[in-house]
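*Asks:* You'll find target05.csv just under this line, and it carries CSV, C-alpha atoms.
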chain,number,residue,atom,x,y,z
R,1,MET,CA,8.6,13.0,19.7
R,2,VAL,CA,10.0,15.5,22.3
R,3,SER,CA,7.9,18.3,20.7
R,4,MET,CA,4.8,16.1,20.9
R,5,ILE,CA,5.3,15.6,24.7
R,6,GLU,CA,6.0,19.3,25.2
R,7,ASP,CA,2.8,20.1,23.2
R,8,TRP,CA,0.8,17.7,25.4
R,9,GLN,CA,2.3,19.3,28.6
R,10,SER,CA,1.3,22.8,27.5
R,11,SER,CA,-2.2,21.7,26.5
R,12,GLY,CA,-3.4,20.9,30.0
R,13,LYS,CA,-5.2,17.8,28.8
R,14,SER,CA,-5.0,14.3,30.0
R,15,LYS,CA,-2.7,12.0,28.0
R,16,LYS,CA,-5.7,9.9,26.8
R,17,GLN,CA,-7.6,13.0,25.7
R,18,TYR,CA,-4.6,14.5,23.9
R,19,CYS,CA,-4.0,11.2,22.0
R,20,LEU,CA,-7.6,11.0,21.0
R,21,GLU,CA,-7.7,14.6,19.7
R,22,LYS,CA,-4.4,14.3,17.8
R,23,GLY,CA,-5.0,10.8,16.5
R,24,ILE,CA,-1.9,9.4,18.2
R,25,ASN,CA,-1.6,5.8,19.2
R,26,GLU,CA,-1.9,5.9,23.0
R,27,ALA,CA,0.7,3.1,23.5
R,28,LYS,CA,3.2,4.9,21.3
R,29,PHE,CA,2.6,8.1,23.3
R,30,TYR,CA,3.3,6.3,26.6
R,31,TYR,CA,6.4,4.7,25.2
R,32,TRP,CA,7.9,8.0,24.2
R,33,TYR,CA,6.7,9.7,27.4
R,34,ALA,CA,8.6,7.0,29.4
R,35,ARG,CA,11.7,7.2,27.2
R,36,ILE,CA,11.9,11.0,27.4
R,37,ASN,CA,11.4,11.0,31.2
R,38,GLU,CA,14.0,8.3,31.6
R,39,LYS,CA,16.6,10.3,29.8
R,40,GLU,CA,15.8,13.5,31.8
R,41,SER,CA,16.0,11.7,35.1
R,42,LEU,CA,19.2,9.8,34.5
R,43,PRO,CA,22.2,12.1,34.0
R,44,GLY,CA,24.5,9.2,33.6
R,45,LYS,CA,25.1,5.6,34.7
R,46,PHE,CA,27.0,6.4,37.8
R,47,ILE,CA,26.6,9.0,40.5
R,48,PRO,CA,29.8,10.2,42.3
R,49,ILE,CA,30.0,9.2,45.9
R,50,GLU,CA,32.1,11.3,48.3
R,51,LYS,CA,33.7,9.6,51.3
R,52,SER,CA,32.4,11.1,54.5
R,53,SER,CA,33.4,10.6,58.1
R,54,GLY,CA,29.9,9.4,59.2
R,55,ALA,CA,28.8,5.8,58.5
R,56,ARG,CA,26.0,5.8,55.9
R,57,GLU,CA,24.1,3.1,54.3
R,58,ILE,CA,24.3,3.0,50.5
R,59,GLU,CA,21.7,1.0,48.4
R,60,LEU,CA,22.8,-0.6,45.2
R,61,PHE,CA,20.1,-1.5,42.7
R,62,TYR,CA,21.0,-4.0,39.9
R,63,PRO,CA,18.9,-3.9,36.6
R,64,ASN,CA,17.7,-7.5,37.3
R,65,GLY,CA,15.9,-6.2,40.5
R,66,VAL,CA,18.5,-7.2,43.1
R,67,LYS,CA,18.9,-4.6,45.9
R,68,LEU,CA,21.9,-4.5,48.2
R,69,LYS,CA,22.6,-2.3,51.2
R,70,VAL,CA,26.2,-1.5,52.0
R,71,ASN,CA,27.2,0.3,55.2
R,72,GLY,CA,29.4,3.0,53.8
R,73,ASP,CA,32.3,0.7,52.7
R,74,LEU,CA,33.2,2.2,49.4
R,75,LEU,CA,35.7,-0.6,48.6
R,76,LEU,CA,33.0,-3.2,49.0
R,77,LEU,CA,30.6,-1.1,47.0
R,78,ALA,CA,33.2,-0.9,44.1
R,79,GLN,CA,33.6,-4.7,44.2
R,80,LEU,CA,29.8,-5.2,44.1
R,81,ILE,CA,29.5,-2.9,41.1
R,82,ARG,CA,32.1,-4.8,39.2
R,83,LEU,CA,30.2,-8.1,39.8
R,84,TYR,CA,27.5,-7.0,37.5
Can the structure in the file be given as structure tokens, please?

*Replies:*
Amino acid sequence: MVSMIEDWQSSGKSKKQYCLEKGINEAKFYYWYARINEKESLPGKFIPIEKSSGAREIELFYPNGVKLKVNGDLLLLAQLIRLY
């Protein structure tokens, strides 16, 4: 499926046009396109946070859609992560 997405990218065609010409189910194409892009954009589940002297606001997004903002308190952030 990765090679199919790479072929589409090099073709210069729209996703719809590419699927029509290659006889690919468009929904299947979009599914694999999303899966491949998801893997490329997420290097891991956690991103290292370095403690800095300036107070910064950190946003925490839970998979269920809840969004929290924490004012640079790494201990509180760690506790919130463990809650999920």

*Asks:* Which one is closest to R:Lys69: R:Cys19, R:Arg56, R:Glu38, R:Ser10? Count all atoms listed in the file.

*Replies:* R:Arg56

*Asks:* Just to confirm, what's the straight-line distance from atom CA of R:Glu26 to atom CA of R:Gly65 in Å (one decimal)?

*Replies:*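 Between atom CA of R:Glu26 and atom CA of R:Gly65 the gap is 27.7 Å.
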
*Asks:* Just checking: using all atoms listed in the file, which residue out of R:Met1, R:Gln17, R:Asp7, R:Glu59 ends up closest to R:Tyr31?

*Replies:*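 Once distances to R:Tyr31 are computed over all atoms listed in the file, the minimum belongs to R:Met1.
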
*Asks:* Rounded to one decimal place, report the atom CA of R:Glu21-atom CA of R:Glu6 distance in Å.

*Replies:*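 These two atoms are separated by 15.5 Å.
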
*Asks:* State, in Å with one decimal place, the distance from atom CA of R:Ser11 to atom CA of R:Phe29.

*Replies:* 14.8 Å

*Asks:* Between R:Leu68, R:Pro63, R:Asn37, R:Lys28, which has the minimum distance to R:Leu80 (counting all atoms listed in the file)?

*Replies:*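 Of R:Leu68, R:Pro63, R:Asn37, R:Lys28, the one nearest R:Leu80 is R:Leu68, counting all atoms listed in the file.
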
*Asks:* Check the smallest atom-to-atom distance from each of R:Trp32, R:Asn25, R:Leu20, R:Leu60 to R:Ser3 using only C-alpha atoms, then report the winner.

*Replies:*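 The closest residue to R:Ser3 is R:Trp32.
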
*Asks:* Considering all atoms listed in the file, state which residue in the set R:Glu57, R:Leu75, R:Lys67, R:Ile5 is at the smallest distance from R:Tyr33.

*Replies:* R:Ile5
